[in-house]
$ cat target_27.pdb   # PDB, C-alpha atoms, pLDDT in the B column
ATOM      1  CA  GLU A   1      -7.754   1.836 -28.087  1.00 60.00           C
ATOM      2  CA  ALA A   2      -6.583   3.882 -25.176  1.00 63.00           C
ATOM      3  CA  PHE A   3      -7.919   6.983 -23.570  1.00 67.00           C
ATOM      4  CA  GLY A   4      -5.343   9.686 -24.272  1.00 69.00           C
ATOM      5  CA  PHE A   5      -5.316  11.883 -21.190  1.00 66.00           C
ATOM      6  CA  GLU A   6      -2.745  14.287 -19.869  1.00 66.00           C
ATOM      7  CA  GLU A   7      -3.424  16.071 -16.622  1.00 66.00           C
ATOM      8  CA  PHE A   8      -1.630  19.163 -17.957  1.00 69.00           C
ATOM      9  CA  ASP A   9      -0.435  20.529 -21.240  1.00 72.00           C
ATOM     10  CA  VAL A  10       3.202  19.612 -21.734  1.00 72.00           C
ATOM     11  CA  ASP A  11       5.742  21.605 -23.712  1.00 72.00           C
ATOM     12  CA  PRO A  12       6.776  19.212 -26.528  1.00 75.00           C
ATOM     13  CA  VAL A  13      10.368  20.464 -26.567  1.00 76.00           C
ATOM     14  CA  SER A  14      11.252  20.502 -22.872  1.00 67.00           C
ATOM     15  CA  GLY A  15       8.678  18.005 -21.548  1.00 64.00           C
ATOM     16  CA  ILE A  16       7.832  20.511 -18.804  1.00 62.00           C
ATOM     17  CA  ALA A  17       4.218  20.902 -17.659  1.00 64.00           C
ATOM     18  CA  VAL A  18       2.787  24.255 -18.721  1.00 66.00           C
ATOM     19  CA  ASN A  19       1.128  26.363 -16.004  1.00 63.00           C
ATOM     20  CA  ALA A  20       1.017  23.480 -13.513  1.00 63.00           C
ATOM     21  CA  ASP A  21      -0.002  24.591 -10.032  1.00 68.00           C
ATOM     22  CA  HIS A  22      -0.162  22.256  -7.010  1.00 69.00           C
ATOM     23  CA  ASN A  23      -3.897  22.867  -6.539  1.00 76.00           C
ATOM     24  CA  ASP A  24      -4.609  21.904 -10.158  1.00 73.00           C
ATOM     25  CA  TYR A  25      -3.531  18.287  -9.687  1.00 74.00           C
ATOM     26  CA  CYS A  26      -6.114  15.564  -9.113  1.00 76.00           C
ATOM     27  CA  TRP A  27      -5.096  13.800  -5.874  1.00 79.00           C
ATOM     28  CA  MET A  28      -6.649  10.639  -4.439  1.00 84.00           C
ATOM     29  CA  ASN A  29      -6.483   8.662  -1.225  1.00 89.00           C
ATOM     30  CA  SER A  30      -3.795   5.970  -1.226  1.00 90.00           C
ATOM     31  CA  SER A  31      -6.175   3.524   0.485  1.00 91.00           C
ATOM     32  CA  TYR A  32      -7.610   2.779  -2.967  1.00 92.00           C
ATOM     33  CA  VAL A  33      -4.131   1.882  -4.176  1.00 92.00           C
ATOM     34  CA  LEU A  34      -3.660  -0.367  -1.130  1.00 91.00           C
ATOM     35  CA  GLY A  35      -6.914  -2.100  -2.081  1.00 92.00           C
ATOM     36  CA  VAL A  36      -5.493  -2.735  -5.554  1.00 92.00           C
ATOM     37  CA  LYS A  37      -2.294  -4.142  -4.011  1.00 93.00           C
ATOM     38  CA  LEU A  38      -4.368  -6.463  -1.789  1.00 91.00           C
ATOM     39  CA  THR A  39      -6.397  -7.771  -4.732  1.00 93.00           C
ATOM     40  CA  ASP A  40      -3.263  -8.162  -6.883  1.00 93.00           C
ATOM     41  CA  ALA A  41      -1.579 -10.207  -4.157  1.00 92.00           C
ATOM     42  CA  PHE A  42      -4.689 -12.348  -3.711  1.00 91.00           C
ATOM     43  CA  SER A  43      -5.044 -12.997  -7.447  1.00 93.00           C
ATOM     44  CA  LYS A  44      -1.362 -13.993  -7.768  1.00 93.00           C
ATOM     45  CA  TYR A  45      -0.835 -15.996  -4.569  1.00 90.00           C
ATOM     46  CA  GLY A  46      -4.243 -16.716  -3.018  1.00 86.00           C
ATOM     47  CA  PHE A  47      -3.187 -14.688   0.034  1.00 85.00           C
ATOM     48  CA  CYS A  48      -3.046 -10.942   0.681  1.00 86.00           C
ATOM     49  CA  THR A  49       0.408 -10.961   2.241  1.00 86.00           C
ATOM     50  CA  ALA A  50       2.591  -9.591  -0.588  1.00 89.00           C
ATOM     51  CA  ILE A  51       1.663  -5.941  -0.086  1.00 88.00           C
ATOM     52  CA  ARG A  52       4.756  -4.211   1.282  1.00 90.00           C
ATOM     53  CA  GLY A  53       8.248  -3.324   0.155  1.00 90.00           C
ATOM     54  CA  ALA A  54       9.621  -2.383  -3.255  1.00 90.00           C
ATOM     55  CA  GLU A  55      10.340  -6.026  -4.129  1.00 91.00           C
ATOM     56  CA  GLY A  56       7.598  -7.609  -2.023  1.00 89.00           C
ATOM     57  CA  GLY A  57       4.468  -6.332  -3.751  1.00 90.00           C
ATOM     58  CA  GLY A  58       4.086  -2.862  -2.229  1.00 92.00           C
ATOM     59  CA  ARG A  59       5.479  -0.973  -5.212  1.00 94.00           C
ATOM     60  CA  VAL A  60       3.041   1.265  -7.113  1.00 93.00           C
ATOM     61  CA  ASP A  61       4.395   1.799 -10.631  1.00 90.00           C
ATOM     62  CA  ASN A  62       3.795   4.333 -13.380  1.00 82.00           C
ATOM     63  CA  LEU A  63       2.580   7.219 -11.274  1.00 84.00           C
ATOM     64  CA  PRO A  64       2.139  10.417 -13.266  1.00 78.00           C
ATOM     65  CA  THR A  65       5.166  12.645 -12.931  1.00 77.00           C
ATOM     66  CA  HIS A  66       5.373  16.184 -14.175  1.00 76.00           C
ATOM     67  CA  PHE A  67       8.369  18.394 -14.512  1.00 75.00           C
ATOM     68  CA  PHE A  68       8.345  22.092 -13.859  1.00 74.00           C
ATOM     69  CA  MET A  69      10.808  24.941 -13.815  1.00 76.00           C
ATOM     70  CA  SER A  70      12.094  25.552 -10.297  1.00 80.00           C
ATOM     71  CA  ASP A  71      12.839  29.002  -8.892  1.00 86.00           C
ATOM     72  CA  ASP A  72      16.481  28.690  -9.920  1.00 89.00           C
ATOM     73  CA  GLY A  73      15.458  27.939 -13.535  1.00 84.00           C
ATOM     74  CA  ASP A  74      16.264  24.227 -13.562  1.00 86.00           C
ATOM     75  CA  PRO A  75      13.710  21.538 -14.384  1.00 79.00           C
ATOM     76  CA  ASP A  76      12.456  19.733 -11.293  1.00 81.00           C
ATOM     77  CA  MET A  77      10.105  16.774 -10.841  1.00 81.00           C
ATOM     78  CA  LYS A  78       6.782  17.081  -9.014  1.00 80.00           C
ATOM     79  CA  CYS A  79       6.442  14.387  -6.354  1.00 84.00           C
ATOM     80  CA  PRO A  80       3.600  12.087  -7.542  1.00 85.00           C
ATOM     81  CA  THR A  81       2.417  11.469  -3.963  1.00 87.00           C
ATOM     82  CA  GLU A  82       1.693  15.128  -3.193  1.00 83.00           C
ATOM     83  CA  ILE A  83       4.324  15.180  -0.428  1.00 87.00           C
ATOM     84  CA  GLY A  84       7.532  13.279   0.128  1.00 88.00           C
ATOM     85  CA  ILE A  85       7.645  11.241   3.339  1.00 92.00           C
ATOM     86  CA  THR A  86      11.043  10.539   4.872  1.00 92.00           C
ATOM     87  CA  ASP A  87      12.003   7.129   6.262  1.00 91.00           C
ATOM     88  CA  ARG A  88      11.840   8.484   9.782  1.00 94.00           C
ATOM     89  CA  ARG A  89       8.364   9.981   9.267  1.00 95.00           C
ATOM     90  CA  GLU A  90       7.175   6.742   7.623  1.00 92.00           C
ATOM     91  CA  ALA A  91       8.299   4.806  10.714  1.00 90.00           C
ATOM     92  CA  GLU A  92       6.517   7.284  13.004  1.00 92.00           C
ATOM     93  CA  LEU A  93       3.304   7.055  10.984  1.00 92.00           C
ATOM     94  CA  GLY A  94       3.579   3.257  10.898  1.00 86.00           C
ATOM     95  CA  LYS A  95       3.811   3.099  14.688  1.00 85.00           C
ATOM     96  CA  LEU A  96       0.583   5.108  14.831  1.00 87.00           C
ATOM     97  CA  GLY A  97      -1.191   2.586  12.579  1.00 85.00           C
ATOM     98  CA  PHE A  98      -1.036   4.467   9.277  1.00 89.00           C
ATOM     99  CA  LEU A  99       0.120   2.975   5.980  1.00 89.00           C
ATOM    100  CA  PRO A 100       1.799   5.843   4.117  1.00 92.00           C
ATOM    101  CA  LEU A 101       2.562   5.564   0.419  1.00 93.00           C
ATOM    102  CA  CYS A 102       6.138   6.837   0.087  1.00 94.00           C
ATOM    103  CA  HIS A 103       7.598   8.243  -3.119  1.00 92.00           C
ATOM    104  CA  TYR A 104      10.917   6.752  -4.230  1.00 89.00           C
ATOM    105  CA  LYS A 105      12.940   9.882  -4.923  1.00 86.00           C
ATOM    106  CA  ASN A 106      13.617  10.709  -8.597  1.00 82.00           C
ATOM    107  CA  THR A 107      11.382   7.874  -9.885  1.00 87.00           C
ATOM    108  CA  ASN A 108       7.801   7.507 -11.074  1.00 86.00           C
ATOM    109  CA  TYR A 109       6.807   4.985  -8.418  1.00 92.00           C
ATOM    110  CA  ALA A 110       5.959   4.868  -4.725  1.00 93.00           C
ATOM    111  CA  VAL A 111       6.035   2.075  -2.143  1.00 94.00           C
ATOM    112  CA  PHE A 112       4.058   0.854   0.850  1.00 94.00           C
ATOM    113  CA  PHE A 113       6.903  -0.055   3.221  1.00 91.00           C
ATOM    114  CA  GLY A 114       5.085  -0.947   6.425  1.00 84.00           C
ATOM    115  CA  ALA A 115       1.944  -2.877   7.126  1.00 84.00           C
ATOM    116  CA  GLN A 116       0.902  -1.836  10.608  1.00 83.00           C
ATOM    117  CA  THR A 117      -2.708  -1.494  11.656  1.00 83.00           C
ATOM    118  CA  CYS A 118      -4.387   0.700  14.242  1.00 82.00           C
ATOM    119  CA  GLN A 119      -4.386  -2.226  16.668  1.00 82.00           C
ATOM    120  CA  LYS A 120      -2.023  -1.469  19.529  1.00 81.00           C
ATOM    121  CA  PRO A 121      -0.328  -4.708  20.658  1.00 80.00           C
ATOM    122  CA  ALA A 122      -0.628  -5.355  24.381  1.00 79.00           C
ATOM    123  CA  ASN A 123       2.468  -5.017  26.549  1.00 82.00           C
ATOM    124  CA  HIS A 124       3.775  -8.338  27.836  1.00 84.00           C
ATOM    125  CA  GLU A 125       6.559  -9.329  30.205  1.00 87.00           C
ATOM    126  CA  SER A 126       7.869 -12.031  27.897  1.00 89.00           C
ATOM    127  CA  PRO A 127       9.733 -10.730  24.815  1.00 88.00           C
ATOM    128  CA  GLU A 128       8.485 -13.706  22.781  1.00 91.00           C
ATOM    129  CA  VAL A 129       4.848 -12.947  23.610  1.00 89.00           C
ATOM    130  CA  ALA A 130       5.378  -9.230  22.906  1.00 86.00           C
ATOM    131  CA  ALA A 131       6.943 -10.039  19.513  1.00 86.00           C
ATOM    132  CA  ASN A 132       4.050 -12.372  18.684  1.00 86.00           C
ATOM    133  CA  ALA A 133       1.530  -9.653  19.615  1.00 83.00           C
ATOM    134  CA  ALA A 134       3.356  -7.134  17.406  1.00 82.00           C
ATOM    135  CA  ILE A 135       3.298  -9.529  14.439  1.00 81.00           C
ATOM    136  CA  SER A 136      -0.392 -10.246  15.018  1.00 82.00           C
ATOM    137  CA  ALA A 137      -1.137  -6.527  14.630  1.00 83.00           C
ATOM    138  CA  ARG A 138       0.308  -6.350  11.091  1.00 84.00           C
ATOM    139  CA  LEU A 139      -2.038  -6.339   8.134  1.00 85.00           C
ATOM    140  CA  PRO A 140      -0.495  -9.163   6.035  1.00 84.00           C
ATOM    141  CA  TYR A 141      -0.663 -11.571   8.974  1.00 83.00           C
ATOM    142  CA  MET A 142      -4.218 -10.551   9.821  1.00 85.00           C
ATOM    143  CA  MET A 143      -5.190 -11.188   6.203  1.00 86.00           C
ATOM    144  CA  ALA A 144      -3.517 -14.627   6.184  1.00 84.00           C
ATOM    145  CA  THR A 145      -5.210 -15.586   9.459  1.00 85.00           C
ATOM    146  CA  SER A 146      -8.548 -14.423   8.074  1.00 87.00           C
ATOM    147  CA  ARG A 147      -8.013 -16.596   4.995  1.00 85.00           C
ATOM    148  CA  PHE A 148      -7.502 -19.696   7.169  1.00 88.00           C
ATOM    149  CA  ALA A 149     -10.525 -18.797   9.315  1.00 90.00           C
ATOM    150  CA  HIS A 150     -12.613 -18.413   6.155  1.00 88.00           C
ATOM    151  CA  TYR A 151     -11.539 -21.840   4.932  1.00 88.00           C
ATOM    152  CA  LEU A 152     -12.382 -23.454   8.289  1.00 90.00           C
ATOM    153  CA  LYS A 153     -15.811 -21.802   8.166  1.00 91.00           C
ATOM    154  CA  VAL A 154     -16.426 -23.255   4.697  1.00 88.00           C
ATOM    155  CA  MET A 155     -15.368 -26.712   5.893  1.00 87.00           C
ATOM    156  CA  ALA A 156     -17.692 -26.489   8.911  1.00 86.00           C
ATOM    157  CA  ARG A 157     -20.569 -25.201   6.787  1.00 85.00           C
ATOM    158  CA  ASP A 158     -20.292 -28.241   4.519  1.00 81.00           C
ATOM    159  CA  LYS A 159     -20.614 -30.537   7.543  1.00 79.00           C
ATOM    160  CA  ILE A 160     -23.733 -28.894   9.008  1.00 78.00           C
ATOM    161  CA  GLY A 161     -26.682 -31.256   8.936  1.00 69.00           C
ATOM    162  CA  SER A 162     -24.632 -34.363   8.208  1.00 69.00           C
ATOM    163  CA  PHE A 163     -24.997 -37.302  10.528  1.00 66.00           C
ATOM    164  CA  MET A 164     -21.485 -38.153  11.589  1.00 64.00           C
ATOM    165  CA  GLU A 165     -20.181 -40.483  14.246  1.00 69.00           C
ATOM    166  CA  ALA A 166     -17.536 -39.514  16.808  1.00 65.00           C
ATOM    167  CA  GLU A 167     -14.805 -41.382  14.893  1.00 69.00           C
ATOM    168  CA  ASP A 168     -15.524 -39.376  11.713  1.00 61.00           C
TER     169      ASP A 168
END
$ encode --input "target_27.pdb" --output "structure tokens"
Amino acid sequence: EAFGFEEFDVDPVSGIAVNADHNDYCWMNSSYVLGVKLTDAFSKYGFCTAIRGAEGGGRVDNLPTHFFMSDDGDPDMKCPTEIGITDRREAELGKLGFLPLCHYKNTNYAVFFGAQTCQKPANHESPEVAANAAISARLPYMMATSRFAHYLKVMARDKIGSFMEAED
């Protein structure tokens, strides 16, 4: 069985939402969706790195889309992410440490493109060191590093209290 729920009444002939106002929609924070993407990636691969890009695990499918009559009388689709974020704005937000969920225009899905964090990489003279610092500030790499650190902690915990020699 499934729970039959429609956010709005829909005209059966046109498929257009009836009396749909922006303030009547139920919006949520996309951080919950990012959490789902992290757990999906971990369950599939054992790592939380496949969380960005339309083909790389950052795609959020089957978002509710509603159509309405625009001012010129043509049917138009309501953006399922409340607002549409341009590529340029997504890059600006990413540089500030945000992870915006961006709607793919004229579809029912959205995508996490970037994976920056709020950590500001330190400025370095060497381009190689600066590039390494920038990569270290990205969420997928932080999650992978944390996974290795967790495994090392488990290995060390299993050795606590054992009497080992230097050659072991």
$ atom_distance --input "target_27.pdb" --atom1 "CA of Arg138 (chain A)" --atom2 "CA of Ala115 (chain A)"
5.5 Å
$ residues_around --input "target_27.pdb" --residues "Gln116 (chain A)" --least-positions-apart "4" --cutoff "9 Å" --atoms "all atoms listed in the file" --output "VMD selection string"
chain A and resid 94 to 99 134 to 135 137 to 140
$ atom_distance --input "target_27.pdb" --atom1 "CA of Pro64 (chain A)" --atom2 "CA of Cys79 (chain A)"
9.1 Å
$ resolve_selection --input "target_27.pdb" --expression "the PyMOL selection byres ((chain A and resi 141-145) around 12)" --output "ChimeraX atom specification"
/A:38-39,41-42,45-52,115-117,119,132-140,146-152
$ atom_distance --input "target_27.pdb" --atom1 "CA of Gly35 (chain A)" --atom2 "CA of Pro100 (chain A)"
13.3 Å
$ resolve_selection --input "target_27.pdb" --expression "the PyMOL selection byres ((chain A and resi 103) around 12)" --output "PyMOL selection string"
chain A and resi 30+54+58-65+77-87+90+100-102+104-113
$ build_atoms --input "target_27.pdb" --residues "region 36-68 of chain A" --atoms "N, CA and C atoms" --output "JSON list (two decimals), keeping the file's coordinate frame"
[["chain", "number", "residue", "atom", "x", "y", "z"],
["A", 36, "VAL", "N", -5.97, -2.11, -4.32],
["A", 36, "VAL", "CA", -5.49, -2.74, -5.55],
["A", 36, "VAL", "C", -4.34, -3.69, -5.25],
["A", 37, "LYS", "N", -3.42, -3.28, -4.38],
["A", 37, "LYS", "CA", -2.29, -4.14, -4.01],
["A", 37, "LYS", "C", -2.78, -5.42, -3.32],
["A", 38, "LEU", "N", -3.80, -5.29, -2.46],
["A", 38, "LEU", "CA", -4.37, -6.46, -1.79],
["A", 38, "LEU", "C", -4.99, -7.42, -2.80],
["A", 39, "THR", "N", -5.76, -6.90, -3.74],
["A", 39, "THR", "CA", -6.40, -7.77, -4.73],
["A", 39, "THR", "C", -5.38, -8.36, -5.69],
["A", 40, "ASP", "N", -4.33, -7.61, -6.04],
["A", 40, "ASP", "CA", -3.26, -8.16, -6.88],
["A", 40, "ASP", "C", -2.57, -9.33, -6.19],
["A", 41, "ALA", "N", -2.24, -9.14, -4.91],
["A", 41, "ALA", "CA", -1.58, -10.21, -4.16],
["A", 41, "ALA", "C", -2.48, -11.43, -4.06],
["A", 42, "PHE", "N", -3.77, -11.21, -3.82],
["A", 42, "PHE", "CA", -4.69, -12.35, -3.71],
["A", 42, "PHE", "C", -4.82, -13.08, -5.04],
["A", 43, "SER", "N", -4.90, -12.34, -6.15],
["A", 43, "SER", "CA", -5.04, -13.00, -7.45],
["A", 43, "SER", "C", -3.79, -13.77, -7.84],
["A", 44, "LYS", "N", -2.61, -13.30, -7.42],
["A", 44, "LYS", "CA", -1.36, -13.99, -7.77],
["A", 44, "LYS", "C", -1.06, -15.18, -6.86],
["A", 45, "TYR", "N", -1.30, -15.01, -5.54],
["A", 45, "TYR", "CA", -0.84, -16.00, -4.57],
["A", 45, "TYR", "C", -1.94, -16.68, -3.77],
["A", 46, "GLY", "N", -3.17, -16.16, -3.83],
["A", 46, "GLY", "CA", -4.24, -16.72, -3.02],
["A", 46, "GLY", "C", -4.24, -16.19, -1.60],
["A", 47, "PHE", "N", -3.30, -15.34, -1.27],
["A", 47, "PHE", "CA", -3.19, -14.69, 0.03],
["A", 47, "PHE", "C", -2.90, -13.21, -0.19],
["A", 48, "CYS", "N", -3.26, -12.39, 0.78],
["A", 48, "CYS", "CA", -3.05, -10.94, 0.68],
["A", 48, "CYS", "C", -1.82, -10.51, 1.47],
["A", 49, "THR", "N", -0.75, -11.28, 1.42],
["A", 49, "THR", "CA", 0.41, -10.96, 2.24],
["A", 49, "THR", "C", 1.49, -10.20, 1.49],
["A", 50, "ALA", "N", 1.54, -10.26, 0.19],
["A", 50, "ALA", "CA", 2.59, -9.59, -0.59],
["A", 50, "ALA", "C", 2.16, -8.17, -0.92],
["A", 51, "ILE", "N", 2.17, -7.31, 0.11],
["A", 51, "ILE", "CA", 1.66, -5.94, -0.09],
["A", 51, "ILE", "C", 2.63, -4.87, 0.41],
["A", 52, "ARG", "N", 3.85, -5.24, 0.76],
["A", 52, "ARG", "CA", 4.76, -4.21, 1.28],
["A", 52, "ARG", "C", 6.16, -4.40, 0.74],
["A", 53, "GLY", "N", 6.88, -3.30, 0.65],
["A", 53, "GLY", "CA", 8.25, -3.32, 0.16],
["A", 53, "GLY", "C", 8.33, -3.18, -1.35],
["A", 54, "ALA", "N", 9.44, -2.62, -1.82],
["A", 54, "ALA", "CA", 9.62, -2.38, -3.26],
["A", 54, "ALA", "C", 9.68, -3.69, -4.04],
["A", 55, "GLU", "N", 10.24, -4.73, -3.45],
["A", 55, "GLU", "CA", 10.34, -6.03, -4.13],
["A", 55, "GLU", "C", 9.27, -7.00, -3.67],
["A", 56, "GLY", "N", 8.54, -6.67, -2.61],
["A", 56, "GLY", "CA", 7.60, -7.61, -2.02],
["A", 56, "GLY", "C", 6.14, -7.37, -2.36],
["A", 57, "GLY", "N", 5.85, -6.53, -3.34],
["A", 57, "GLY", "CA", 4.47, -6.33, -3.75],
["A", 57, "GLY", "C", 3.88, -5.00, -3.37],
["A", 58, "GLY", "N", 4.61, -4.16, -2.65],
["A", 58, "GLY", "CA", 4.09, -2.86, -2.23],
["A", 58, "GLY", "C", 4.42, -1.72, -3.16],
["A", 59, "ARG", "N", 5.06, -2.02, -4.26],
["A", 59, "ARG", "CA", 5.48, -0.97, -5.21],
["A", 59, "ARG", "C", 4.32, -0.58, -6.12],
["A", 60, "VAL", "N", 4.09, 0.72, -6.25],
["A", 60, "VAL", "CA", 3.04, 1.26, -7.11],
["A", 60, "VAL", "C", 3.74, 1.94, -8.28],
["A", 61, "ASP", "N", 3.66, 1.33, -9.45],
["A", 61, "ASP", "CA", 4.39, 1.80, -10.63],
["A", 61, "ASP", "C", 3.60, 2.80, -11.46],
["A", 62, "ASN", "N", 4.34, 3.46, -12.34],
["A", 62, "ASN", "CA", 3.80, 4.33, -13.38],
["A", 62, "ASN", "C", 2.91, 5.44, -12.85],
["A", 63, "LEU", "N", 3.32, 6.06, -11.77],
["A", 63, "LEU", "CA", 2.58, 7.22, -11.27],
["A", 63, "LEU", "C", 2.87, 8.40, -12.19],
["A", 64, "PRO", "N", 1.89, 9.27, -12.38],
["A", 64, "PRO", "CA", 2.14, 10.42, -13.27],
["A", 64, "PRO", "C", 3.15, 11.37, -12.64],
["A", 65, "THR", "N", 4.17, 11.68, -13.40],
["A", 65, "THR", "CA", 5.17, 12.64, -12.93],
["A", 65, "THR", "C", 5.20, 13.81, -13.90],
["A", 66, "HIS", "N", 5.30, 14.98, -13.36],
["A", 66, "HIS", "CA", 5.37, 16.18, -14.18],
["A", 66, "HIS", "C", 6.59, 16.98, -13.76],
["A", 67, "PHE", "N", 7.20, 17.56, -14.76],
["A", 67, "PHE", "CA", 8.37, 18.39, -14.51],
["A", 67, "PHE", "C", 7.97, 19.85, -14.64],
["A", 68, "PHE", "N", 8.62, 20.66, -13.84],
["A", 68, "PHE", "CA", 8.35, 22.09, -13.86],
["A", 68, "PHE", "C", 9.66, 22.84, -13.69]]
